[in-house]
>>> print(open('upload-v2.json').read())   # JSON, C-alpha atoms
[["chain", "number", "residue", "atom", "x", "y", "z"],
["A", 1, "MET", "CA", 0.00, 0.00, 0.00],
["A", 2, "ASN", "CA", 1.38, 3.40, -1.01],
["A", 3, "THR", "CA", 1.39, 5.72, 2.02],
["A", 4, "MET", "CA", 3.39, 8.61, 0.52],
["A", 5, "THR", "CA", 1.77, 12.02, 0.36],
["A", 6, "ALA", "CA", 1.20, 13.65, -3.03],
["A", 7, "SER", "CA", 4.11, 16.03, -2.34],
["A", 8, "GLU", "CA", 6.43, 13.12, -1.51],
["A", 9, "GLN", "CA", 5.39, 11.34, -4.71],
["A", 10, "THR", "CA", 6.01, 14.52, -6.72],
["A", 11, "GLU", "CA", 9.53, 14.82, -5.28],
["A", 12, "GLN", "CA", 10.20, 11.15, -5.96],
["A", 13, "TRP", "CA", 9.25, 11.53, -9.63],
["A", 14, "ARG", "CA", 11.11, 14.82, -10.00],
["A", 15, "ASN", "CA", 14.29, 13.08, -8.90],
["A", 16, "ARG", "CA", 13.94, 10.23, -11.38],
["A", 17, "HIS", "CA", 16.13, 12.15, -13.84],
["A", 18, "ASP", "CA", 18.78, 9.42, -13.77],
["A", 19, "THR", "CA", 16.58, 7.30, -16.03],
["A", 20, "PRO", "CA", 18.67, 6.70, -19.17],
["A", 21, "GLY", "CA", 17.57, 7.78, -22.60],
["A", 22, "TRP", "CA", 16.07, 11.27, -22.32],
["A", 23, "ALA", "CA", 14.44, 12.17, -25.62],
["A", 24, "ILE", "CA", 14.43, 15.96, -25.69],
["A", 25, "ASP", "CA", 16.44, 18.80, -24.16],
["A", 26, "MET", "CA", 14.98, 22.32, -24.00],
["A", 27, "VAL", "CA", 14.54, 25.58, -22.10],
["A", 28, "TRP", "CA", 11.13, 26.96, -21.17],
["A", 29, "ARG", "CA", 11.08, 30.79, -21.17],
["A", 30, "ASP", "CA", 8.57, 33.64, -20.73],
["A", 31, "LEU", "CA", 6.17, 31.32, -18.95],
["A", 32, "LEU", "CA", 2.94, 32.42, -17.28],
["A", 33, "PHE", "CA", 0.70, 30.16, -15.19],
["A", 34, "MET", "CA", -2.99, 31.17, -15.10],
["A", 35, "HIS", "CA", -5.38, 28.95, -13.14],
["A", 36, "TRP", "CA", -9.09, 28.81, -12.34],
["A", 37, "PRO", "CA", -10.93, 26.45, -9.98],
["A", 38, "VAL", "CA", -13.43, 24.15, -11.72],
["A", 39, "ASP", "CA", -15.95, 21.56, -10.63],
["A", 40, "ALA", "CA", -14.14, 18.27, -10.00],
["A", 41, "ASP", "CA", -17.05, 16.11, -11.23],
["A", 42, "GLN", "CA", -17.34, 18.07, -14.46],
["A", 43, "LEU", "CA", -13.60, 17.81, -14.99],
["A", 44, "GLN", "CA", -13.66, 14.07, -14.32],
["A", 45, "SER", "CA", -16.29, 13.61, -17.02],
["A", 46, "LEU", "CA", -13.88, 15.07, -19.57],
["A", 47, "LEU", "CA", -10.90, 12.88, -18.68],
["A", 48, "PRO", "CA", -10.03, 9.60, -20.40],
["A", 49, "SER", "CA", -10.63, 6.35, -18.56],
["A", 50, "GLY", "CA", -7.79, 5.55, -16.18],
["A", 51, "LEU", "CA", -7.13, 9.11, -15.03],
["A", 52, "GLU", "CA", -8.51, 10.64, -11.82],
["A", 53, "ALA", "CA", -8.97, 14.38, -11.33],
["A", 54, "ASP", "CA", -6.48, 15.63, -8.74],
["A", 55, "THR", "CA", -7.80, 18.19, -6.26],
["A", 56, "HIS", "CA", -6.46, 20.66, -3.70],
["A", 57, "ASP", "CA", -8.76, 21.30, -0.73],
["A", 58, "GLY", "CA", -11.55, 19.70, -2.73],
["A", 59, "LYS", "CA", -11.11, 21.90, -5.82],
["A", 60, "ALA", "CA", -9.97, 20.87, -9.28],
["A", 61, "TRP", "CA", -8.10, 23.38, -11.44],
["A", 62, "ILE", "CA", -7.72, 24.25, -15.11],
["A", 63, "GLY", "CA", -4.65, 26.10, -16.35],
["A", 64, "LEU", "CA", -3.76, 28.27, -19.34],
["A", 65, "VAL", "CA", 0.01, 28.42, -19.80],
["A", 66, "PRO", "CA", 1.73, 30.44, -22.56],
["A", 67, "PHE", "CA", 5.51, 30.17, -22.90],
["A", 68, "THR", "CA", 8.37, 29.83, -25.37],
["A", 69, "MET", "CA", 10.31, 26.66, -26.13],
["A", 70, "ASP", "CA", 13.98, 27.53, -26.69],
["A", 71, "ARG", "CA", 17.20, 25.64, -27.49],
["A", 72, "VAL", "CA", 15.19, 22.53, -28.36],
["A", 73, "ARG", "CA", 17.26, 19.47, -29.23],
["A", 74, "MET", "CA", 16.33, 15.82, -29.70],
["A", 75, "TRP", "CA", 18.58, 13.19, -28.16],
["A", 76, "SER", "CA", 21.74, 12.38, -30.19],
["A", 77, "LEU", "CA", 20.87, 15.02, -32.81],
["A", 78, "PRO", "CA", 22.23, 18.53, -33.36],
["A", 79, "ARG", "CA", 19.81, 21.42, -33.04],
["A", 80, "ILE", "CA", 17.70, 21.59, -36.19],
["A", 81, "PRO", "CA", 17.23, 25.05, -37.75],
["A", 82, "GLY", "CA", 13.60, 26.11, -37.46],
["A", 83, "PHE", "CA", 12.95, 23.62, -34.65],
["A", 84, "THR", "CA", 15.03, 25.13, -31.87],
["A", 85, "ARG", "CA", 12.69, 27.96, -30.80],
["A", 86, "PHE", "CA", 8.91, 28.35, -31.04],
["A", 87, "HIS", "CA", 5.97, 29.57, -28.98],
["A", 88, "GLU", "CA", 3.44, 27.35, -27.26],
["A", 89, "CYS", "CA", 0.24, 27.68, -25.21],
["A", 90, "ASN", "CA", -1.24, 24.84, -23.13],
["A", 91, "VAL", "CA", -4.62, 24.17, -21.61],
["A", 92, "ARG", "CA", -3.87, 21.73, -18.78],
["A", 93, "THR", "CA", -5.28, 20.17, -15.65],
["A", 94, "TYR", "CA", -4.04, 17.97, -12.84],
["A", 95, "VAL", "CA", -4.63, 14.26, -12.52],
["A", 96, "LYS", "CA", -3.46, 11.10, -10.81],
["A", 97, "CYS", "CA", -2.96, 7.61, -12.18],
["A", 98, "ASN", "CA", -2.13, 4.75, -9.83],
["A", 99, "GLY", "CA", -1.62, 7.45, -7.20],
["A", 100, "VAL", "CA", 1.07, 9.30, -9.18],
["A", 101, "PRO", "CA", 0.29, 13.01, -9.70],
["A", 102, "GLY", "CA", 0.80, 14.54, -13.13],
["A", 103, "VAL", "CA", -0.53, 16.80, -15.87],
["A", 104, "TRP", "CA", -3.20, 16.13, -18.48],
["A", 105, "PHE", "CA", -3.22, 18.43, -21.50],
["A", 106, "PHE", "CA", -6.52, 19.24, -23.15],
["A", 107, "SER", "CA", -4.58, 21.04, -25.87],
["A", 108, "LEU", "CA", -1.09, 22.23, -26.69],
["A", 109, "ASP", "CA", -0.99, 24.91, -29.36],
["A", 110, "ALA", "CA", 2.40, 25.33, -31.02],
["A", 111, "ALA", "CA", 3.75, 27.47, -33.83],
["A", 112, "ASN", "CA", 5.99, 24.79, -35.34],
["A", 113, "PRO", "CA", 4.40, 22.13, -37.62],
["A", 114, "LEU", "CA", 7.35, 19.75, -37.12],
["A", 115, "ALA", "CA", 7.03, 20.01, -33.34],
["A", 116, "VAL", "CA", 3.28, 19.38, -33.56],
["A", 117, "TRP", "CA", 3.79, 16.27, -35.70],
["A", 118, "THR", "CA", 6.64, 14.95, -33.54],
["A", 119, "ALA", "CA", 4.79, 15.43, -30.23],
["A", 120, "ARG", "CA", 1.61, 13.83, -31.53],
["A", 121, "LEU", "CA", 3.56, 10.85, -32.84],
["A", 122, "ILE", "CA", 6.07, 10.26, -30.01],
["A", 123, "TRP", "CA", 4.20, 11.53, -26.94],
["A", 124, "LYS", "CA", 0.59, 11.08, -28.18],
["A", 125, "LEU", "CA", -0.22, 14.58, -26.93],
["A", 126, "ASN", "CA", -3.07, 16.78, -28.16],
["A", 127, "TYR", "CA", -0.89, 19.23, -30.10],
["A", 128, "VAL", "CA", -2.54, 21.75, -32.43],
["A", 129, "PHE", "CA", -0.84, 23.98, -34.98],
["A", 130, "ALA", "CA", -1.50, 27.69, -34.41],
["A", 131, "ARG", "CA", 0.01, 31.02, -35.36],
["A", 132, "PHE", "CA", 1.58, 33.21, -32.71],
["A", 133, "LYS", "CA", 2.55, 36.84, -32.34],
["A", 134, "VAL", "CA", 4.68, 37.68, -29.33],
["A", 135, "SER", "CA", 6.13, 41.09, -28.50],
["A", 136, "HIS", "CA", 7.86, 42.80, -25.58],
["A", 137, "GLU", "CA", 7.59, 46.51, -24.79],
["A", 138, "GLY", "CA", 9.53, 47.32, -21.66],
["A", 139, "ASP", "CA", 8.27, 44.91, -19.01],
["A", 140, "LEU", "CA", 5.00, 44.14, -20.85],
["A", 141, "CYS", "CA", 4.72, 40.88, -22.81],
["A", 142, "THR", "CA", 1.90, 40.61, -25.36],
["A", 143, "TYR", "CA", 1.16, 37.08, -26.50],
["A", 144, "THR", "CA", -1.40, 36.20, -29.19],
["A", 145, "VAL", "CA", -2.24, 32.70, -30.41],
["A", 146, "LYS", "CA", -4.74, 31.91, -33.17],
["A", 147, "ARG", "CA", -5.73, 28.56, -34.65],
["A", 148, "PRO", "CA", -6.78, 28.25, -38.31],
["A", 149, "SER", "CA", -10.38, 28.02, -37.02],
["A", 150, "GLY", "CA", -10.03, 31.50, -35.50],
["A", 151, "ILE", "CA", -10.14, 30.29, -31.89],
["A", 152, "GLY", "CA", -7.31, 31.64, -29.79],
["A", 153, "SER", "CA", -6.14, 33.79, -26.92],
["A", 154, "ARG", "CA", -4.59, 37.19, -26.32],
["A", 155, "ILE", "CA", -2.67, 37.74, -23.11],
["A", 156, "GLN", "CA", -0.63, 40.62, -21.71],
["A", 157, "TRP", "CA", 1.41, 40.30, -18.56],
["A", 158, "ARG", "CA", 4.18, 41.82, -16.50],
["A", 159, "VAL", "CA", 6.58, 39.85, -14.33],
["A", 160, "GLY", "CA", 6.82, 41.10, -10.76],
["A", 161, "GLU", "CA", 8.92, 40.29, -7.72],
["A", 162, "GLU", "CA", 10.25, 36.81, -7.08],
["A", 163, "LEU", "CA", 8.21, 34.76, -4.62],
["A", 164, "PRO", "CA", 9.51, 32.41, -1.91],
["A", 165, "GLN", "CA", 10.08, 28.81, -2.93],
["A", 166, "THR", "CA", 6.78, 26.93, -2.94],
["A", 167, "SER", "CA", 6.05, 24.71, 0.04],
["A", 168, "PRO", "CA", 4.62, 21.18, -0.26],
["A", 169, "GLY", "CA", 0.91, 21.35, 0.44],
["A", 170, "SER", "CA", 0.51, 24.91, -0.87],
["A", 171, "ILE", "CA", -1.70, 25.66, -3.86],
["A", 172, "GLU", "CA", 1.33, 27.02, -5.76],
["A", 173, "HIS", "CA", 3.23, 23.76, -5.26],
["A", 174, "PHE", "CA", 0.17, 21.72, -6.29],
["A", 175, "LEU", "CA", -0.30, 23.68, -9.52],
["A", 176, "THR", "CA", 3.31, 23.92, -10.68],
["A", 177, "GLU", "CA", 5.55, 21.20, -9.26],
["A", 178, "ARG", "CA", 4.53, 18.39, -11.62],
["A", 179, "TYR", "CA", 7.07, 16.04, -13.16],
["A", 180, "CYS", "CA", 4.85, 13.52, -14.96],
["A", 181, "LEU", "CA", 2.59, 14.00, -17.95],
["A", 182, "TYR", "CA", -0.16, 11.68, -19.13],
["A", 183, "SER", "CA", -1.45, 11.00, -22.61],
["A", 184, "ALA", "CA", -4.12, 8.63, -23.92],
["A", 185, "SER", "CA", -5.04, 7.00, -27.20],
["A", 186, "ARG", "CA", -7.39, 4.17, -28.17],
["A", 187, "GLY", "CA", -8.30, 3.40, -24.59],
["A", 188, "ARG", "CA", -4.68, 3.22, -23.40],
["A", 189, "VAL", "CA", -2.82, 5.53, -21.03],
["A", 190, "TRP", "CA", 0.85, 6.52, -21.16],
["A", 191, "ARG", "CA", 3.07, 8.33, -18.68],
["A", 192, "GLY", "CA", 6.08, 10.52, -19.50],
["A", 193, "VAL", "CA", 8.65, 11.97, -17.12],
["A", 194, "VAL", "CA", 10.25, 15.43, -17.22],
["A", 195, "HIS", "CA", 13.02, 16.85, -15.05],
["A", 196, "HIS", "CA", 13.95, 20.42, -14.18],
["A", 197, "ASP", "CA", 14.90, 22.36, -11.09],
["A", 198, "PRO", "CA", 12.00, 23.55, -8.92],
["A", 199, "TRP", "CA", 10.19, 26.55, -10.36],
["A", 200, "GLN", "CA", 11.18, 30.05, -9.31],
["A", 201, "LEU", "CA", 7.79, 31.72, -9.35],
["A", 202, "CYS", "CA", 7.18, 35.46, -9.53],
["A", 203, "GLU", "CA", 4.25, 37.76, -9.07],
["A", 204, "ALA", "CA", 2.39, 38.45, -12.31],
["A", 205, "ASP", "CA", 0.14, 41.31, -13.36],
["A", 206, "VAL", "CA", -2.20, 40.40, -16.25],
["A", 207, "PRO", "CA", -3.85, 43.60, -17.53],
["A", 208, "GLN", "CA", -5.40, 41.88, -20.55],
["A", 209, "LEU", "CA", -6.80, 38.38, -21.07],
["A", 210, "ASP", "CA", -9.14, 37.42, -23.90],
["A", 211, "ASP", "CA", -9.26, 33.63, -24.08],
["A", 212, "ARG", "CA", -11.36, 31.02, -25.88],
["A", 213, "LEU", "CA", -9.00, 28.06, -25.57],
["A", 214, "VAL", "CA", -10.22, 26.96, -22.14],
["A", 215, "ALA", "CA", -13.86, 27.05, -23.25],
["A", 216, "GLU", "CA", -12.91, 24.95, -26.28],
["A", 217, "ALA", "CA", -11.78, 22.25, -23.82],
["A", 218, "GLY", "CA", -15.36, 22.07, -22.49],
["A", 219, "LEU", "CA", -14.94, 23.91, -19.19],
["A", 220, "GLU", "CA", -16.50, 27.13, -17.97],
["A", 221, "ILE", "CA", -14.39, 29.53, -15.93],
["A", 222, "ASP", "CA", -15.43, 32.57, -13.94],
["A", 223, "GLY", "CA", -13.52, 35.43, -12.41],
["A", 224, "PRO", "CA", -9.88, 36.47, -12.65],
["A", 225, "PRO", "CA", -7.25, 33.71, -12.70],
["A", 226, "LEU", "CA", -4.64, 32.94, -10.09],
["A", 227, "CYS", "CA", -1.47, 34.09, -11.88],
["A", 228, "HIS", "CA", 2.23, 33.33, -11.48],
["A", 229, "ALA", "CA", 5.09, 34.09, -13.84],
["A", 230, "ALA", "CA", 8.16, 31.85, -13.81],
["A", 231, "ARG", "CA", 11.86, 32.18, -14.46],
["A", 232, "PRO", "CA", 13.32, 30.02, -17.27],
["A", 233, "VAL", "CA", 14.05, 26.35, -16.58],
["A", 234, "HIS", "CA", 16.24, 23.82, -18.38],
["A", 235, "VAL", "CA", 14.20, 20.68, -19.04],
["A", 236, "HIS", "CA", 14.81, 17.08, -20.03],
["A", 237, "ALA", "CA", 11.90, 14.87, -21.11],
["A", 238, "TRP", "CA", 11.77, 11.10, -21.57],
["A", 239, "PRO", "CA", 9.71, 8.97, -23.96],
["A", 240, "ILE", "CA", 6.31, 7.89, -22.70],
["A", 241, "LYS", "CA", 5.63, 4.41, -21.37],
["A", 242, "ARG", "CA", 2.29, 2.63, -21.44],
["A", 243, "ILE", "CA", 0.83, 2.11, -17.95],
["A", 244, "LYS", "CA", -2.76, 1.05, -18.72]]
>>> encode(input="upload-v2.json", output="structure tokens")
Amino acid sequence: MNTMTASEQTEQWRNRHDTPGWAIDMVWRDLLFMHWPVDADQLQSLLPSGLEADTHDGKAWIGLVPFTMDRVRMWSLPRIPGFTRFHECNVRTYVKCNGVPGVWFFSLDAANPLAVWTARLIWKLNYVFARFKVSHEGDLCTYTVKRPSGIGSRIQWRVGEELPQTSPGSIEHFLTERYCLYSASRGRVWRGVVHHDPWQLCEADVPQLDDRLVAEAGLEIDGPPLCHAARPVHVHAWPIKRIK
């Protein structure tokens, strides 16, 4: 019987970076976490069989996360021109499978067709090609994503002061310190592992948010999001393994 807390399990999986054969090396930059509480039962109804909605103090959460993938390199290969840097925006939630906490992605919009094809093939993730426009004026980042269908998001934010390191059991730790991802296809579930140093979160001011990506996932949100910016992290990710 597994008696570890969710935080202990998270730390255990974060430290499994000695697993041989990482598949991709990258840096995540200009990242903003935006989260809203959602009904856990409604969220559960949208998840594939085998995954359980993870909750904090009885609440489930949906996240919208824009960022930039930089210095991307596949294992044993040199960096490929046109593949090393592109923008991405995820709609994600938090799940458990066999007691192991992780992330489930409703969608992952990316500006690089090769990255979309590779991630859908190798990681079985719900990647979608979209066009992005990202600009910086002083401390203000403006980030626009638009799918061919016209659905998208426009976000402006400023990064504020650094916050203390998140503590196990806090909502910030629950929402950000995740080192497993889950994907599903044809009734089967896979788990992938990522490794990076713990997030250095910062305050974030979001003066503009016009989003339709979360609604496209089938969830209704209300009110302003809980927002945190993050400093860049260097990430390794491993191939997925079937667990169900």
>>> closest_atom_pairs(input="upload-v2.json", of="stretch 49-146 of chain A", to="stretch 231-235 of chain A", cutoff="12 Å", atoms="only C-alpha atoms", output="tab-separated table")
residue	atom	partner	partner_atom	distance
A:Phe67	CA	A:Pro232	CA	9.6
A:Thr68	CA	A:Pro232	CA	9.5
A:Met69	CA	A:Pro232	CA	9.9
A:Asp70	CA	A:His234	CA	9.4
A:Arg71	CA	A:His234	CA	9.3
A:Val72	CA	A:Val235	CA	9.6
A:Arg73	CA	A:Val235	CA	10.7
A:Met74	CA	A:Val235	CA	11.9
>>> write_last_selection(input="upload-v2.json", atoms="C-alpha atoms", output="compact mmCIF listing (two decimals), in the coordinates of the input")
# COMPACT_ATOMS: atom_id res chain seq x y z
CA PHE A 67 5.51 30.17 -22.90
CA THR A 68 8.37 29.83 -25.37
CA MET A 69 10.31 26.66 -26.13
CA ASP A 70 13.98 27.53 -26.69
CA ARG A 71 17.20 25.64 -27.49
CA VAL A 72 15.19 22.53 -28.36
CA ARG A 73 17.26 19.47 -29.23
CA MET A 74 16.33 15.82 -29.70
>>> closest_residue(input="upload-v2.json", among="A:Trp104, A:Phe132, A:Phe33, A:Tyr182", to="A:Pro66", atoms="all atoms listed in the file")
A:Phe33
>>> atom_distance(input="upload-v2.json", atom1="atom CA of A:Asp210", atom2="atom CA of A:Asp57")
28.2 Å
>>> closest_residue(input="upload-v2.json", among="A:Trp61, A:Ser185, A:Leu43, A:Lys133", to="A:Ile171", atoms="all atoms listed in the file")
A:Trp61
>>> closest_residue(input="upload-v2.json", among="A:Glu162, A:Glu88, A:Glu172, A:Asp197", to="A:Met34", atoms="all atoms listed in the file")
A:Glu172
>>> residues_around(input="upload-v2.json", residues="A:Asn126", least_positions_apart="3", cutoff="8 Å", atoms="all atoms listed in the file", output="ChimeraX atom specification")
/A:105-108,120
>>> write_last_selection(input="upload-v2.json", atoms="C-alpha atoms", output="PDB file, in the frame of the given file")
ATOM      1  CA  PHE A 105      -3.220  18.430 -21.500  1.00  0.00           C
ATOM      2  CA  PHE A 106      -6.520  19.240 -23.150  1.00  0.00           C
ATOM      3  CA  SER A 107      -4.580  21.040 -25.870  1.00  0.00           C
ATOM      4  CA  LEU A 108      -1.090  22.230 -26.690  1.00  0.00           C
ATOM      5  CA  ARG A 120       1.610  13.830 -31.530  1.00  0.00           C
TER       6      ARG A 120
END
>>> atom_distance(input="upload-v2.json", atom1="atom CA of A:Ser153", atom2="atom CA of A:Ala184")
25.4 Å
>>> residues_around(input="upload-v2.json", residues="A:Gly58", least_positions_apart="2", cutoff="10 Å", atoms="all atoms listed in the file", output="list in words")
Pro37, Asp39, Ala40, Asp54, Thr55, His56 and Ala60 of chain A
>>> residues_around(input="upload-v2.json", residues="A:Gly218", least_positions_apart="4", cutoff="12 Å", atoms="only C-alpha atoms", output="PyMOL selection string")
chain A and resi 38-39+42-47+62+91+106-107+212-214
>>> closest_residue(input="upload-v2.json", among="A:Arg85, A:Arg131, A:Lys244, A:His228", to="A:Trp157", atoms="only C-alpha atoms")
A:His228
>>> residues_around(input="upload-v2.json", residues="A:Glu137", least_positions_apart="3", cutoff="12 Å", atoms="all atoms listed in the file", output="PyMOL selection string")
chain A and resi 134+140-143+156-158
>>> closest_residue(input="upload-v2.json", among="A:His87, A:Lys146, A:His236, A:Arg186", to="A:Ser49", atoms="all atoms listed in the file")
A:Arg186
>>> atom_distance(input="upload-v2.json", atom1="atom CA of A:Thr144", atom2="atom CA of A:Val194")
26.7 Å
>>> decode(input="upload-v2.json", residues="stretch 34-61 of chain A", atoms="N, CA and C atoms", output="mmCIF file, in the first residue's frame")
data_model
loop_
_atom_site.group_PDB
_atom_site.id
_atom_site.type_symbol
_atom_site.label_atom_id
_atom_site.label_comp_id
_atom_site.auth_asym_id
_atom_site.auth_seq_id
_atom_site.Cartn_x
_atom_site.Cartn_y
_atom_site.Cartn_z
ATOM 1 N N MET A 34 -1.689 30.601 -15.469
ATOM 2 C CA MET A 34 -2.990 31.172 -15.099
ATOM 3 C C MET A 34 -3.919 30.015 -14.764
ATOM 4 N N HIS A 35 -4.552 30.070 -13.607
ATOM 5 C CA HIS A 35 -5.378 28.951 -13.139
ATOM 6 C C HIS A 35 -6.728 29.432 -12.619
ATOM 7 N N TRP A 36 -7.746 28.596 -12.859
ATOM 8 C CA TRP A 36 -9.089 28.809 -12.343
ATOM 9 C C TRP A 36 -9.590 27.534 -11.668
ATOM 10 N N PRO A 37 -10.303 27.645 -10.553
ATOM 11 C CA PRO A 37 -10.930 26.455 -9.978
ATOM 12 C C PRO A 37 -12.114 26.017 -10.840
ATOM 13 N N VAL A 38 -12.316 24.700 -10.962
ATOM 14 C CA VAL A 38 -13.429 24.147 -11.725
ATOM 15 C C VAL A 38 -14.047 23.006 -10.927
ATOM 16 N N ASP A 39 -15.247 22.645 -11.311
ATOM 17 C CA ASP A 39 -15.949 21.556 -10.634
ATOM 18 C C ASP A 39 -15.243 20.233 -10.906
ATOM 19 N N ALA A 40 -14.910 19.507 -9.844
ATOM 20 C CA ALA A 40 -14.143 18.266 -9.997
ATOM 21 C C ALA A 40 -14.929 17.205 -10.760
ATOM 22 N N ASP A 41 -16.240 17.126 -10.528
ATOM 23 C CA ASP A 41 -17.045 16.113 -11.228
ATOM 24 C C ASP A 41 -17.133 16.426 -12.719
ATOM 25 N N GLN A 42 -17.300 17.698 -13.051
ATOM 26 C CA GLN A 42 -17.336 18.071 -14.464
ATOM 27 C C GLN A 42 -16.003 17.764 -15.130
ATOM 28 N N LEU A 43 -14.919 18.101 -14.432
ATOM 29 C CA LEU A 43 -13.599 17.813 -14.988
ATOM 30 C C LEU A 43 -13.417 16.315 -15.193
ATOM 31 N N GLN A 44 -13.809 15.525 -14.206
ATOM 32 C CA GLN A 44 -13.657 14.074 -14.315
ATOM 33 C C GLN A 44 -14.372 13.521 -15.546
ATOM 34 N N SER A 45 -15.520 14.091 -15.862
ATOM 35 C CA SER A 45 -16.290 13.609 -17.018
ATOM 36 C C SER A 45 -15.586 13.854 -18.341
ATOM 37 N N LEU A 46 -14.609 14.751 -18.351
ATOM 38 C CA LEU A 46 -13.879 15.074 -19.574
ATOM 39 C C LEU A 46 -12.562 14.324 -19.703
ATOM 40 N N LEU A 47 -12.184 13.582 -18.668
ATOM 41 C CA LEU A 47 -10.904 12.876 -18.677
ATOM 42 C C LEU A 47 -11.051 11.482 -19.280
ATOM 43 N N PRO A 48 -9.981 10.972 -19.893
ATOM 44 C CA PRO A 48 -10.033 9.596 -20.400
ATOM 45 C C PRO A 48 -10.070 8.594 -19.256
ATOM 46 N N SER A 49 -10.580 7.421 -19.550
ATOM 47 C CA SER A 49 -10.633 6.352 -18.561
ATOM 48 C C SER A 49 -9.222 6.035 -18.070
ATOM 49 N N GLY A 50 -9.088 5.863 -16.760
ATOM 50 C CA GLY A 50 -7.787 5.547 -16.177
ATOM 51 C C GLY A 50 -7.153 6.719 -15.466
ATOM 52 N N LEU A 51 -7.659 7.933 -15.696
ATOM 53 C CA LEU A 51 -7.131 9.115 -15.029
ATOM 54 C C LEU A 51 -8.151 9.648 -14.033
ATOM 55 N N GLU A 52 -7.667 10.108 -12.889
ATOM 56 C CA GLU A 52 -8.509 10.641 -11.819
ATOM 57 C C GLU A 52 -8.175 12.114 -11.616
ATOM 58 N N ALA A 53 -9.196 12.955 -11.578
ATOM 59 C CA ALA A 53 -8.974 14.379 -11.328
ATOM 60 C C ALA A 53 -8.291 14.562 -9.982
ATOM 61 N N ASP A 54 -7.201 15.331 -9.967
ATOM 62 C CA ASP A 54 -6.480 15.630 -8.743
ATOM 63 C C ASP A 54 -7.028 16.943 -8.184
ATOM 64 N N THR A 55 -7.192 17.014 -6.870
ATOM 65 C CA THR A 55 -7.795 18.192 -6.262
ATOM 66 C C THR A 55 -6.934 18.719 -5.124
ATOM 67 N N HIS A 56 -7.112 20.001 -4.841
ATOM 68 C CA HIS A 56 -6.458 20.656 -3.701
ATOM 69 C C HIS A 56 -7.548 21.288 -2.856
ATOM 70 N N ASP A 57 -7.675 20.852 -1.614
ATOM 71 C CA ASP A 57 -8.756 21.302 -0.731
ATOM 72 C C ASP A 57 -10.120 21.137 -1.399
ATOM 73 N N GLY A 58 -10.280 20.024 -2.118
ATOM 74 C CA GLY A 58 -11.551 19.699 -2.734
ATOM 75 C C GLY A 58 -11.816 20.351 -4.064
ATOM 76 N N LYS A 59 -10.912 21.189 -4.556
ATOM 77 C CA LYS A 59 -11.110 21.896 -5.820
ATOM 78 C C LYS A 59 -10.199 21.335 -6.904
ATOM 79 N N ALA A 60 -10.773 21.166 -8.096
ATOM 80 C CA ALA A 60 -9.971 20.868 -9.282
ATOM 81 C C ALA A 60 -9.619 22.190 -9.957
ATOM 82 N N TRP A 61 -8.596 22.153 -10.827
ATOM 83 C CA TRP A 61 -8.104 23.383 -11.439
ATOM 84 C C TRP A 61 -7.828 23.174 -12.925
#
